[in-house]
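K.L.:
Handing over target32.json, JSON, C-alpha atoms and all ligand atoms.
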```
[["chain", "number", "residue", "atom", "x", "y", "z"],
["A", 1, "MET", "CA", 54.89, -64.32, 219.14],
["A", 2, "ALA", "CA", 52.31, -61.50, 218.91],
["A", 3, "ALA", "CA", 53.59, -57.93, 219.35],
["A", 4, "PRO", "CA", 53.30, -56.86, 222.99],
["A", 5, "THR", "CA", 50.31, -54.73, 223.95],
["A", 6, "LYS", "CA", 51.29, -51.13, 224.59],
["A", 7, "ILE", "CA", 50.80, -49.76, 228.07],
["A", 8, "ILE", "CA", 50.95, -46.32, 229.68],
["A", 9, "LEU", "CA", 51.17, -45.92, 233.45],
["A", 10, "ASP", "CA", 49.70, -42.72, 234.88],
["A", 11, "LEU", "CA", 51.54, -42.46, 238.21],
["A", 12, "ASP", "CA", 51.87, -40.33, 241.31],
["A", 13, "THR", "CA", 55.16, -42.07, 242.06],
["A", 14, "GLY", "CA", 54.81, -43.25, 245.19],
["A", 15, "ILE", "CA", 56.23, -46.50, 246.63],
["A", 16, "ASP", "CA", 53.56, -48.85, 245.32],
["A", 17, "ASP", "CA", 53.67, -46.92, 242.02],
["A", 18, "ALA", "CA", 57.39, -47.77, 241.94],
["A", 19, "MET", "CA", 56.50, -51.44, 242.43],
["A", 20, "CYS", "CA", 53.97, -51.30, 239.62],
["A", 21, "LEU", "CA", 56.50, -49.65, 237.31],
["A", 22, "THR", "CA", 58.89, -52.51, 238.07],
["A", 23, "TYR", "CA", 56.15, -55.10, 237.50],
["A", 24, "VAL", "CA", 55.42, -53.71, 234.04],
["A", 25, "LEU", "CA", 59.09, -53.65, 233.07],
["A", 26, "GLY", "CA", 59.28, -57.32, 234.01],
["A", 27, "SER", "CA", 56.23, -58.25, 231.89],
["A", 28, "PRO", "CA", 57.03, -59.43, 228.36],
["A", 29, "GLU", "CA", 53.34, -59.29, 227.29],
["A", 30, "VAL", "CA", 53.38, -55.48, 227.40],
["A", 31, "GLU", "CA", 55.61, -52.67, 226.20],
["A", 32, "LEU", "CA", 55.71, -49.58, 228.40],
["A", 33, "ILE", "CA", 55.59, -46.71, 225.91],
["A", 34, "GLY", "CA", 55.46, -43.92, 228.46],
["A", 35, "VAL", "CA", 54.65, -42.80, 231.95],
["A", 36, "THR", "CA", 52.44, -39.82, 232.65],
["A", 37, "GLY", "CA", 52.65, -38.01, 235.95],
["A", 38, "VAL", "CA", 49.97, -36.60, 238.21],
["A", 39, "PHE", "CA", 49.92, -35.02, 241.69],
["A", 40, "GLY", "CA", 48.95, -37.32, 244.57],
["A", 41, "ASN", "CA", 51.41, -39.08, 246.84],
["A", 42, "VAL", "CA", 53.77, -36.19, 246.06],
["A", 43, "GLN", "CA", 53.69, -33.00, 243.99],
["A", 44, "VAL", "CA", 53.61, -33.79, 240.27],
["A", 45, "GLU", "CA", 57.20, -32.57, 239.71],
["A", 46, "GLN", "CA", 58.50, -34.89, 242.43],
["A", 47, "GLY", "CA", 56.55, -37.85, 241.05],
["A", 48, "VAL", "CA", 57.91, -37.23, 237.55],
["A", 49, "ARG", "CA", 61.41, -36.94, 238.97],
["A", 50, "ASN", "CA", 60.96, -40.22, 240.85],
["A", 51, "ALA", "CA", 59.67, -42.12, 237.81],
["A", 52, "ARG", "CA", 62.57, -40.83, 235.69],
["A", 53, "ALA", "CA", 65.11, -41.68, 238.38],
["A", 54, "ILE", "CA", 63.75, -45.23, 238.76],
["A", 55, "LEU", "CA", 63.74, -45.77, 234.99],
["A", 56, "ALA", "CA", 67.35, -44.53, 234.88],
["A", 57, "LEU", "CA", 68.32, -46.88, 237.71],
["A", 58, "TYR", "CA", 66.81, -49.74, 235.70],
["A", 59, "ARG", "CA", 68.58, -48.50, 232.53],
["A", 60, "GLN", "CA", 65.29, -47.71, 230.80],
["A", 61, "ASN", "CA", 65.94, -44.00, 230.12],
["A", 62, "HIS", "CA", 64.42, -44.31, 226.65],
["A", 63, "ILE", "CA", 60.91, -44.42, 228.18],
["A", 64, "PRO", "CA", 59.49, -40.89, 228.40],
["A", 65, "VAL", "CA", 57.85, -39.48, 231.54],
["A", 66, "ILE", "CA", 55.47, -36.63, 230.81],
["A", 67, "ALA", "CA", 54.17, -34.30, 233.50],
["A", 68, "GLY", "CA", 50.43, -33.73, 233.81],
["A", 69, "ALA", "CA", 48.08, -32.18, 236.34],
["A", 70, "SER", "CA", 49.53, -30.49, 239.40],
["A", 71, "ARG", "CA", 46.20, -30.26, 241.24],
["A", 72, "PRO", "CA", 42.57, -31.41, 241.05],
["A", 73, "GLU", "CA", 40.18, -30.11, 238.37],
["A", 74, "GLN", "CA", 38.23, -27.96, 240.80],
["A", 75, "GLY", "CA", 41.22, -27.04, 242.91],
["A", 76, "SER", "CA", 42.13, -23.54, 243.88],
["A", 77, "GLY", "CA", 45.58, -22.78, 245.20],
["A", 78, "PRO", "CA", 48.54, -25.10, 245.21],
["A", 79, "TYR", "CA", 48.06, -28.81, 245.95],
["A", 80, "GLU", "CA", 49.17, -29.89, 249.40],
["A", 81, "VAL", "CA", 50.17, -33.46, 250.22],
["A", 82, "GLU", "CA", 48.28, -34.63, 253.31],
["A", 83, "GLU", "CA", 50.41, -35.46, 256.34],
["A", 84, "ILE", "CA", 49.29, -39.09, 256.41],
["A", 85, "VAL", "CA", 50.22, -39.53, 252.74],
["A", 86, "GLU", "CA", 53.68, -38.08, 253.37],
["A", 87, "PHE", "CA", 54.02, -40.43, 256.32],
["A", 88, "ILE", "CA", 53.14, -43.46, 254.17],
["A", 89, "HIS", "CA", 55.38, -42.67, 251.17],
["A", 90, "GLY", "CA", 58.07, -40.46, 252.75],
["A", 91, "HIS", "CA", 58.72, -36.81, 251.98],
["A", 92, "ASN", "CA", 60.24, -37.66, 248.59],
["A", 93, "GLY", "CA", 57.56, -40.27, 247.77],
["A", 94, "ILE", "CA", 59.98, -43.19, 247.63],
["A", 95, "GLY", "CA", 60.52, -43.85, 251.32],
["A", 96, "ASN", "CA", 63.17, -41.13, 251.70],
["A", 97, "ILE", "CA", 65.59, -43.35, 249.79],
["A", 98, "ASP", "CA", 68.13, -41.40, 247.77],
["A", 99, "ILE", "CA", 68.63, -42.38, 244.14],
["A", 100, "PRO", "CA", 70.27, -40.11, 241.54],
["A", 101, "ASP", "CA", 68.25, -37.93, 239.18],
["A", 102, "ALA", "CA", 68.02, -39.25, 235.61],
["A", 103, "SER", "CA", 70.80, -37.56, 233.67],
["A", 104, "GLU", "CA", 69.23, -37.82, 230.21],
["A", 105, "PRO", "CA", 65.45, -38.30, 230.46],
["A", 106, "ALA", "CA", 63.68, -39.13, 227.18],
["A", 107, "THR", "CA", 61.67, -36.37, 225.53],
["A", 108, "THR", "CA", 58.51, -36.38, 223.36],
["A", 109, "ASP", "CA", 56.65, -33.81, 221.34],
["A", 110, "ALA", "CA", 53.53, -34.16, 223.52],
["A", 111, "LYS", "CA", 52.74, -30.90, 225.25],
["A", 112, "ASP", "CA", 51.45, -32.56, 228.42],
["A", 113, "ALA", "CA", 50.22, -35.86, 229.83],
["A", 114, "ALA", "CA", 46.72, -35.64, 228.35],
["A", 115, "ASP", "CA", 48.18, -34.87, 224.94],
["A", 116, "PHE", "CA", 50.51, -37.89, 225.19],
["A", 117, "LEU", "CA", 47.58, -40.16, 226.14],
["A", 118, "ILE", "CA", 45.47, -38.92, 223.22],
["A", 119, "GLN", "CA", 48.29, -39.29, 220.70],
["A", 120, "ALA", "CA", 49.02, -42.82, 221.91],
["A", 121, "TYR", "CA", 45.34, -43.78, 221.72],
["A", 122, "HIS", "CA", 45.06, -42.54, 218.13],
["A", 123, "ARG", "CA", 48.16, -44.52, 217.23],
["A", 124, "PHE", "CA", 47.42, -47.82, 219.00],
["A", 125, "GLY", "CA", 43.65, -47.89, 219.65],
["A", 126, "GLN", "CA", 42.59, -51.10, 221.44],
["A", 127, "ASP", "CA", 46.21, -52.28, 221.51],
["A", 128, "LEU", "CA", 46.84, -49.74, 224.25],
["A", 129, "ILE", "CA", 45.98, -50.13, 227.95],
["A", 130, "ILE", "CA", 46.11, -47.14, 230.27],
["A", 131, "VAL", "CA", 46.65, -47.78, 233.96],
["A", 132, "PRO", "CA", 46.09, -44.77, 236.23],
["A", 133, "THR", "CA", 47.33, -45.34, 239.77],
["A", 134, "GLY", "CA", 46.88, -41.80, 241.08],
["A", 135, "PRO", "CA", 44.04, -39.25, 240.93],
["A", 136, "GLU", "CA", 42.14, -39.43, 237.61],
["A", 137, "THR", "CA", 42.81, -35.83, 236.57],
["A", 138, "ASN", "CA", 45.00, -36.54, 233.52],
["A", 139, "ILE", "CA", 42.63, -39.20, 232.20],
["A", 140, "ALA", "CA", 39.56, -37.01, 232.62],
["A", 141, "GLU", "CA", 41.38, -34.15, 230.92],
["A", 142, "ALA", "CA", 42.24, -36.38, 227.93],
["A", 143, "MET", "CA", 38.60, -37.53, 227.79],
["A", 144, "ARG", "CA", 37.29, -33.97, 227.81],
["A", 145, "ARG", "CA", 39.71, -32.94, 225.06],
["A", 146, "ASP", "CA", 39.12, -35.91, 222.76],
["A", 147, "LYS", "CA", 35.77, -37.69, 222.40],
["A", 148, "ASP", "CA", 37.31, -40.68, 220.56],
["A", 149, "PHE", "CA", 39.62, -41.22, 223.50],
["A", 150, "ALA", "CA", 36.72, -40.80, 225.93],
["A", 151, "HIS", "CA", 34.66, -43.49, 224.24],
["A", 152, "GLY", "CA", 37.40, -45.90, 223.18],
["A", 153, "ALA", "CA", 40.36, -45.96, 225.56],
["A", 154, "ARG", "CA", 40.89, -49.14, 227.60],
["A", 155, "ILE", "CA", 41.38, -48.11, 231.21],
["A", 156, "VAL", "CA", 42.27, -50.24, 234.24],
["A", 157, "LEU", "CA", 42.47, -47.97, 237.25],
["A", 158, "MET", "CA", 43.61, -48.34, 240.82],
["A", 159, "GLY", "CA", 41.14, -46.53, 243.01],
["A", 160, "GLY", "CA", 37.89, -46.63, 244.93],
["A", 161, "ALA", "CA", 36.24, -48.88, 247.49],
["A", 162, "VAL", "CA", 32.77, -50.27, 246.86],
["A", 163, "THR", "CA", 32.27, -53.03, 249.42],
["A", 164, "ILE", "CA", 34.59, -51.82, 252.20],
["A", 165, "PRO", "CA", 35.47, -48.51, 253.90],
["A", 166, "GLY", "CA", 37.93, -46.03, 252.42],
["A", 167, "ASN", "CA", 41.52, -45.47, 253.50],
["A", 168, "VAL", "CA", 41.93, -41.68, 253.62],
["A", 169, "ARG", "CA", 38.35, -40.93, 254.71],
["A", 170, "PRO", "CA", 35.73, -43.30, 256.12],
["A", 171, "TRP", "CA", 34.05, -43.48, 252.71],
["A", 172, "SER", "CA", 36.86, -42.68, 250.33],
["A", 173, "GLU", "CA", 39.98, -44.18, 248.82],
["A", 174, "ALA", "CA", 43.01, -41.89, 248.28],
["A", 175, "ASN", "CA", 43.17, -41.73, 244.48],
["A", 176, "ILE", "CA", 39.45, -41.04, 244.05],
["A", 177, "PHE", "CA", 39.46, -38.60, 246.96],
["A", 178, "GLY", "CA", 42.37, -36.82, 245.26],
["A", 179, "ASP", "CA", 40.04, -35.63, 242.50],
["A", 180, "PRO", "CA", 36.43, -36.84, 242.93],
["A", 181, "ASP", "CA", 35.14, -34.64, 240.11],
["A", 182, "ALA", "CA", 37.56, -36.11, 237.59],
["A", 183, "ALA", "CA", 36.86, -39.66, 238.77],
["A", 184, "ASN", "CA", 33.10, -39.09, 238.61],
["A", 185, "TYR", "CA", 33.37, -37.79, 235.06],
["A", 186, "LEU", "CA", 35.50, -40.77, 234.06],
["A", 187, "LEU", "CA", 33.23, -43.37, 235.66],
["A", 188, "ARG", "CA", 30.07, -41.83, 234.19],
["A", 189, "THR", "CA", 31.51, -41.35, 230.70],
["A", 190, "ALA", "CA", 33.92, -44.16, 229.80],
["A", 191, "PRO", "CA", 32.25, -47.29, 228.42],
["A", 192, "GLN", "CA", 34.95, -49.81, 229.42],
["A", 193, "ILE", "CA", 36.71, -49.48, 232.74],
["A", 194, "THR", "CA", 38.11, -52.01, 235.14],
["A", 195, "MET", "CA", 38.32, -50.70, 238.69],
["A", 196, "VAL", "CA", 40.85, -52.26, 241.03],
["A", 197, "GLY", "CA", 40.03, -50.72, 244.37],
["A", 198, "LEU", "CA", 40.64, -51.47, 248.02],
["A", 199, "ASP", "CA", 38.06, -54.30, 247.81],
["A", 200, "ALA", "CA", 40.75, -56.32, 246.03],
["A", 201, "THR", "CA", 44.06, -54.61, 246.84],
["A", 202, "GLN", "CA", 43.59, -55.07, 250.58],
["A", 203, "GLN", "CA", 43.27, -58.83, 250.06],
["A", 204, "VAL", "CA", 46.95, -59.13, 249.12],
["A", 205, "ARG", "CA", 50.02, -58.31, 251.16],
["A", 206, "LEU", "CA", 53.79, -58.33, 250.82],
["A", 207, "THR", "CA", 56.19, -58.89, 253.73],
["A", 208, "LYS", "CA", 59.81, -58.05, 254.52],
["A", 209, "GLU", "CA", 60.65, -61.72, 253.91],
["A", 210, "ASP", "CA", 59.46, -61.16, 250.33],
["A", 211, "THR", "CA", 61.40, -57.92, 249.79],
["A", 212, "ALA", "CA", 64.57, -59.57, 251.16],
["A", 213, "ARG", "CA", 64.58, -61.71, 248.00],
["A", 214, "TRP", "CA", 65.15, -58.61, 245.85],
["A", 215, "ARG", "CA", 68.32, -57.50, 247.65],
["A", 216, "GLY", "CA", 71.90, -57.85, 246.40],
["A", 217, "ASN", "CA", 72.40, -55.03, 243.89],
["A", 218, "PRO", "CA", 71.53, -51.30, 243.65],
["A", 219, "LYS", "CA", 68.20, -51.90, 241.85],
["A", 220, "GLY", "CA", 66.95, -54.54, 244.25],
["A", 221, "ASP", "CA", 68.30, -52.74, 247.31],
["A", 222, "PHE", "CA", 66.51, -49.53, 246.29],
["A", 223, "LEU", "CA", 63.16, -51.25, 245.80],
["A", 224, "ALA", "CA", 63.46, -53.36, 248.95],
["A", 225, "ASP", "CA", 64.44, -50.31, 251.07],
["A", 226, "ALA", "CA", 61.52, -48.28, 249.72],
["A", 227, "VAL", "CA", 58.99, -51.08, 250.20],
["A", 228, "ASP", "CA", 60.31, -51.86, 253.69],
["A", 229, "TYR", "CA", 59.70, -48.19, 254.56],
["A", 230, "TYR", "CA", 56.13, -48.63, 253.23],
["A", 231, "ILE", "CA", 55.70, -51.81, 255.30],
["A", 232, "ASP", "CA", 56.82, -49.93, 258.44],
["A", 233, "ALA", "CA", 54.25, -47.21, 257.68],
["A", 234, "HIS", "CA", 51.54, -49.90, 257.46],
["A", 235, "ASP", "CA", 52.33, -50.81, 261.09],
["A", 236, "ARG", "CA", 50.54, -47.57, 261.96],
["A", 237, "THR", "CA", 47.83, -47.49, 259.28],
["A", 238, "ALA", "CA", 47.05, -51.23, 259.28],
["A", 239, "PRO", "CA", 48.27, -52.59, 262.64],
["A", 240, "GLY", "CA", 48.75, -56.34, 262.71],
["A", 241, "LEU", "CA", 49.05, -56.67, 258.93],
["A", 242, "ASN", "CA", 52.79, -57.28, 259.17],
["A", 243, "GLY", "CA", 53.32, -56.24, 255.60],
["A", 244, "CYS", "CA", 51.94, -53.83, 253.03],
["A", 245, "TYR", "CA", 48.98, -53.83, 250.69],
["A", 246, "LEU", "CA", 49.68, -54.08, 246.97],
["A", 247, "HIS", "CA", 47.42, -51.42, 245.48],
["A", 248, "ASP", "CA", 49.14, -50.27, 242.30],
["A", 249, "PRO", "CA", 50.91, -53.54, 241.44],
["A", 250, "LEU", "CA", 47.61, -55.44, 241.56],
["A", 251, "ALA", "CA", 45.98, -52.98, 239.15],
["A", 252, "THR", "CA", 48.88, -53.46, 236.77],
["A", 253, "ALA", "CA", 48.80, -57.22, 237.08],
["A", 254, "ILE", "CA", 45.07, -57.28, 236.31],
["A", 255, "ALA", "CA", 45.57, -54.96, 233.34],
["A", 256, "ILE", "CA", 48.05, -57.46, 231.93],
["A", 257, "ASP", "CA", 46.14, -60.59, 232.94],
["A", 258, "PRO", "CA", 42.45, -60.03, 233.78],
["A", 259, "SER", "CA", 42.07, -63.71, 234.76],
["A", 260, "LEU", "CA", 43.77, -62.81, 238.07],
["A", 261, "GLY", "CA", 40.61, -61.03, 239.24],
["A", 262, "ARG", "CA", 36.89, -61.65, 239.88],
["A", 263, "TYR", "CA", 34.53, -58.86, 238.93],
["A", 264, "VAL", "CA", 31.08, -57.40, 239.53],
["A", 265, "PRO", "CA", 29.72, -55.33, 236.62],
["A", 266, "LEU", "CA", 28.25, -52.02, 237.81],
["A", 267, "ASN", "CA", 27.51, -48.52, 236.57],
["A", 268, "LEU", "CA", 29.43, -46.42, 239.08],
["A", 269, "LYS", "CA", 29.59, -42.80, 240.11],
["A", 270, "VAL", "CA", 31.56, -40.80, 242.67],
["A", 271, "ASP", "CA", 30.01, -38.58, 245.32],
["A", 272, "THR", "CA", 31.44, -35.13, 244.73],
["A", 273, "ASP", "CA", 29.84, -33.21, 247.65],
["A", 274, "GLY", "CA", 29.20, -33.51, 251.34],
["A", 275, "PRO", "CA", 30.68, -35.88, 253.91],
["A", 276, "THR", "CA", 30.85, -38.81, 251.47],
["A", 277, "ARG", "CA", 32.90, -36.85, 248.91],
["A", 278, "GLY", "CA", 35.13, -39.35, 247.11],
["A", 279, "ARG", "CA", 32.86, -42.38, 247.68],
["A", 280, "THR", "CA", 32.54, -44.80, 244.73],
["A", 281, "ILE", "CA", 28.99, -46.17, 244.58],
["A", 282, "ALA", "CA", 26.43, -47.43, 242.05],
["A", 283, "ASP", "CA", 24.95, -44.64, 239.93],
["A", 284, "GLU", "CA", 21.22, -44.71, 240.72],
["A", 285, "THR", "CA", 20.42, -42.96, 237.43],
["A", 286, "ARG", "CA", 21.89, -45.90, 235.45],
["A", 287, "LEU", "CA", 20.99, -48.81, 237.73],
["A", 288, "SER", "CA", 19.38, -51.05, 235.14],
["A", 289, "LYS", "CA", 21.23, -49.73, 232.12],
["A", 290, "THR", "CA", 23.25, -52.35, 230.20],
["A", 291, "PRO", "CA", 25.94, -53.10, 229.36],
["A", 292, "LYS", "CA", 27.52, -52.02, 232.63],
["A", 293, "THR", "CA", 30.49, -49.74, 232.10],
["A", 294, "CYS", "CA", 32.69, -50.72, 235.03],
["A", 295, "HIS", "CA", 34.05, -54.07, 236.13],
["A", 296, "VAL", "CA", 34.65, -53.75, 239.87],
["A", 297, "THR", "CA", 37.32, -56.17, 241.09],
["A", 298, "VAL", "CA", 36.08, -58.00, 244.18],
["A", 299, "GLY", "CA", 38.30, -61.05, 244.24],
["A", 300, "VAL", "CA", 41.85, -61.97, 243.38],
["A", 301, "ASP", "CA", 43.78, -65.18, 242.83],
["A", 302, "LYS", "CA", 46.22, -64.33, 245.60],
["A", 303, "GLU", "CA", 48.77, -67.12, 245.21],
["A", 304, "ARG", "CA", 49.08, -66.68, 241.48],
["A", 305, "PHE", "CA", 49.33, -62.89, 241.74],
["A", 306, "LEU", "CA", 52.03, -63.04, 244.42],
["A", 307, "ALA", "CA", 54.01, -65.56, 242.39],
["A", 308, "GLU", "CA", 53.73, -63.35, 239.29],
["A", 309, "LEU", "CA", 54.75, -60.29, 241.32],
["A", 310, "MET", "CA", 57.84, -61.98, 242.65],
["A", 311, "SER", "CA", 59.02, -63.41, 239.34],
["A", 312, "ARG", "CA", 58.35, -60.23, 237.34],
["A", 313, "ILE", "CA", 60.04, -57.95, 239.86],
["A", 314, "LEU", "CA", 63.03, -60.31, 240.10],
["A", 315, "ARG", "CA", 63.31, -60.23, 236.30],
["A", 316, "VAL", "CA", 64.06, -56.49, 236.63],
["A", 317, "VAL", "CA", 65.97, -56.17, 239.88],
["A", 318, "GLY", "CA", 67.45, -59.65, 240.16],
["A", 319, "SER", "CA", 70.75, -59.02, 238.38],
["B", 401, "LIG", "C1", 46.46, -45.51, 246.40],
["B", 401, "LIG", "O1", 46.82, -44.28, 247.02],
["B", 401, "LIG", "C2", 48.20, -44.05, 246.89],
["B", 401, "LIG", "O2", 48.73, -43.68, 248.13],
["B", 401, "LIG", "C3", 48.82, -45.34, 246.44],
["B", 401, "LIG", "O3", 49.95, -45.09, 245.62],
["B", 401, "LIG", "C4", 47.71, -46.02, 245.71],
["B", 401, "LIG", "O4", 47.69, -45.62, 244.36],
["B", 401, "LIG", "C5", 45.89, -46.45, 247.44],
["B", 401, "LIG", "O5", 44.73, -45.92, 247.99],
["B", 402, "CA", "CA", 49.59, -44.45, 243.37]]
```
Could you write out this file's structure as structure tokens?

P.N.:
Amino acid sequence: MAAPTKIILDLDTGIDDAMCLTYVLGSPEVELIGVTGVFGNVQVEQGVRNARAILALYRQNHIPVIAGASRPEQGSGPYEVEEIVEFIHGHNGIGNIDIPDASEPATTDAKDAADFLIQAYHRFGQDLIIVPTGPETNIAEAMRRDKDFAHGARIVLMGGAVTIPGNVRPWSEANIFGDPDAANYLLRTAPQITMVGLDATQQVRLTKEDTARWRGNPKGDFLADAVDYYIDAHDRTAPGLNGCYLHDPLATAIAIDPSLGRYVPLNLKVDTDGPTRGRTIADETRLSKTPKTCHVTVGVDKERFLAELMSRILRVVGS
């Protein structure tokens, strides 16, 4: 069997980030070599703490979690989590569920998240996939620091909305809105990106009947409790859905198996000013330029994805 592809998750851990972390750990095709942390659903320190605690719960303490940006590129003053975001993910980011801190988190010699990403890219090249599921600040920082990384790294990101409205603003999706300048730089610079935005992630949903299948031990109970909290929050943000969207897990699934998605190739940009700040839209200055740099996910093989999600998560929490 071929060696597994290396993967780094760049998380703002977050309930659906926790699901995507679990999905990756249950995927034999990839080896999670590290998690980098960014502000977003919670402050960066809390997100790093959550990722470490979840890895410890799953007995995966050897995987390092490296803190990155604590606020957007152009930010001034401390980052503040919006009330609606705190409502969706809970004040601790994982549905207010208590799990112990990691007692012995793994360490690395990387000085921050961007440094870790660059080092990993120089070591593994095209055998590395990077999956950002929070604001793009760490990725943009790595791209600005290292031109090889900027022009070579394989990136599959969760973020944006091209064909449908946003979720935190009428035009804008949360991760892109978190740092529109960083996302704009990434989308206009990187030559090979797959974008998994709301266009696709809002086509798939998970219910409490599904999460009930994870229960029966501390790992499964934790994840089911956190996701049930997230499902309850969707009753307010997406009334009638009777479940939750699967933003970050779908991005991860597509990173591992691109045949799960259907794509439209586009050269994208992000509006960085005015009322549409955070909108992902075609870049009019590169309309006819080929090859297109971004594959925008517009369709998903729902049944296959949900079956993969269930079996991969059960592989981790099922015993
Ligand atoms: C994205 O925003 C965050 O709240 C979620 O974790 C996901 O990454 C969805 O818009
Ligand atoms: Ca996220």

K.L.:
Could you work out how far atom CA of A:Ile94 lies from atom CA of A:Asp181, giving the answer in Å with one decimal?

P.N.:
27.3 Å

K.L.:
Restricting the calculation to all atoms listed in the file: of A:Leu266, A:Met158, A:Val48, A:Ala142, which residue gets closest to ligand LIG 401 (chain B)?

P.N.:
A:Met158

K.L.:
Here is a test: counting all atoms listed in the file, which residue of A:Leu55, A:Ile84, A:Ala183, A:Ile66 is nearest to A:Asn41?

P.N.:
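Among the listed residues, the smallest separation from A:Asn41 belongs to A:Ile84.
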
K.L.:
Give the answer as one residue: which of A:Gly178, A:Gly318, A:Gly95, A:Gly14 has the shortest atom-to-atom distance to ligand LIG 401 (chain B), using all atoms listed in the file?

P.N.:
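Checking each candidate against ligand LIG 401 (chain B), we get A:Gly14 as the closest.
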
K.L.:
Please write out the residues within 6 Å of ligand LIG 401 (chain B) as a ChimeraX atom specification, counting only C-alpha atoms and all ligand atoms.

P.N.:
/A:14,16-17,41,133-134,173-175,247-248

K.L.:
May I have the selected residues written with C-alpha atoms, as a PDB file, in the frame of the given file?

P.N.:
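Final output, out05.pdb:
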```
ATOM      1  CA  GLY A  14      54.810 -43.250 245.190  1.00  0.00           C
ATOM      2  CA  ASP A  16      53.560 -48.850 245.320  1.00  0.00           C
ATOM      3  CA  ASP A  17      53.670 -46.920 242.020  1.00  0.00           C
ATOM      4  CA  ASN A  41      51.410 -39.080 246.840  1.00  0.00           C
ATOM      5  CA  THR A 133      47.330 -45.340 239.770  1.00  0.00           C
ATOM      6  CA  GLY A 134      46.880 -41.800 241.080  1.00  0.00           C
ATOM      7  CA  GLU A 173      39.980 -44.180 248.820  1.00  0.00           C
ATOM      8  CA  ALA A 174      43.010 -41.890 248.280  1.00  0.00           C
ATOM      9  CA  ASN A 175      43.170 -41.730 244.480  1.00  0.00           C
ATOM     10  CA  HIS A 247      47.420 -51.420 245.480  1.00  0.00           C
ATOM     11  CA  ASP A 248      49.140 -50.270 242.300  1.00  0.00           C
TER      12      ASP A 248
END
```

K.L.:
Rounded to one decimal in Å, what is the spacing between atom CA of A:Ile99 and atom CA of A:Arg315?

P.N.:
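So the two atoms, atom CA of A:Ile99 and atom CA of A:Arg315, lie 20.2 Å apart.
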
K.L.:
Quick check, in Å to one decimal: how far apart do atom CA of A:Ile193 and atom CA of A:Tyr230 lie?

P.N.:
28.2 Å

K.L.:
Within 9 Å of (28.4, -60.2, 244.2) (file coordinates; all atoms listed in the file), which protein or nucleic acid residues are there? I'd like them as a PyMOL selection string.

P.N.:
chain A and resi 263-264+298

K.L.:
As a list in words, please: the residues near A:Gln60 (cut-off 10 Å, only C-alpha atoms, same-chain neighbours under 5 positions excluded).

P.N.:
Leu25, Arg52, Ala53, Ile54, Leu55, Pro105 and Ala106 of chain A

K.L.:
Please provide the set of residues having any atom within 6 Å of stretch 28-38 of chain A, restricted to all atoms listed in the file, with same-chain residues fewer than 3 positions apart removed, written as a PDB file with C-alpha atoms, keeping the file's coordinate frame.

P.N.:
```pdb
ATOM      1  CA  PRO A   4      53.300 -56.860 222.990  1.00  0.00           C
ATOM      2  CA  THR A   5      50.310 -54.730 223.950  1.00  0.00           C
ATOM      3  CA  LYS A   6      51.290 -51.130 224.590  1.00  0.00           C
ATOM      4  CA  ILE A   7      50.800 -49.760 228.070  1.00  0.00           C
ATOM      5  CA  ILE A   8      50.950 -46.320 229.680  1.00  0.00           C
ATOM      6  CA  LEU A   9      51.170 -45.920 233.450  1.00  0.00           C
ATOM      7  CA  ASP A  10      49.700 -42.720 234.880  1.00  0.00           C
ATOM      8  CA  LEU A  11      51.540 -42.460 238.210  1.00  0.00           C
ATOM      9  CA  ASP A  12      51.870 -40.330 241.310  1.00  0.00           C
ATOM     10  CA  VAL A  44      53.610 -33.790 240.270  1.00  0.00           C
ATOM     11  CA  VAL A  48      57.910 -37.230 237.550  1.00  0.00           C
ATOM     12  CA  ILE A  63      60.910 -44.420 228.180  1.00  0.00           C
ATOM     13  CA  PRO A  64      59.490 -40.890 228.400  1.00  0.00           C
ATOM     14  CA  VAL A  65      57.850 -39.480 231.540  1.00  0.00           C
ATOM     15  CA  ILE A  66      55.470 -36.630 230.810  1.00  0.00           C
ATOM     16  CA  ALA A  67      54.170 -34.300 233.500  1.00  0.00           C
ATOM     17  CA  GLY A  68      50.430 -33.730 233.810  1.00  0.00           C
ATOM     18  CA  ALA A  69      48.080 -32.180 236.340  1.00  0.00           C
ATOM     19  CA  ALA A 113      50.220 -35.860 229.830  1.00  0.00           C
TER      20      ALA A 113
END
```

K.L.:
Please check which residues have atoms at most 12 Å from (36.3, -55.0, 256.1) in the file's coordinates, counting only C-alpha atoms, and write them as a list in words.

P.N.:
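Residues close enough to count: Ala161, Val162, Thr163, Ile164, Pro165, Gly166, Asn167, Pro170, Leu198, Asp199, Ala200, Gln202, Gln203 and Ala238 of chain A.
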
K.L.:
Applying 10 Å and all atoms listed in the file, which residues near A:Gly261 remain after dropping the ones on its own chain fewer than 6 positions away? List them as a list in words.

P.N.:
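The neighbour list is Val196, Ala200, Leu250, Ala251, Ala253, Ile254, Ala255, Val296, Thr297, Val298, Gly299, Val300, Asp301, Lys302 and Phe305 of chain A.
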
K.L.:
Using all atoms listed in the file, which of the listed residues (A:Phe116, A:Trp214, A:Tyr79, A:Phe177) sits closest to A:Thr22?

P.N.:
A:Trp214

K.L.:
So that I can see what lies close to A:Asn184, please list as a tab-separated table (two decimals) with C-alpha atoms, keeping the file's coordinate frame the residues with an atom at most 8 Å from it, counting all atoms listed in the file and leaving out residues fewer than 3 positions away in the same chain.

P.N.:
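Listing of part.tsv after writing:
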```tsv
chain	number	residue	atom	x	y	z
A	180	PRO	CA	36.43	-36.84	242.93
A	181	ASP	CA	35.14	-34.64	240.11
A	187	LEU	CA	33.23	-43.37	235.66
A	188	ARG	CA	30.07	-41.83	234.19
A	269	LYS	CA	29.59	-42.80	240.11
A	270	VAL	CA	31.56	-40.80	242.67
A	271	ASP	CA	30.01	-38.58	245.32
A	272	THR	CA	31.44	-35.13	244.73
```
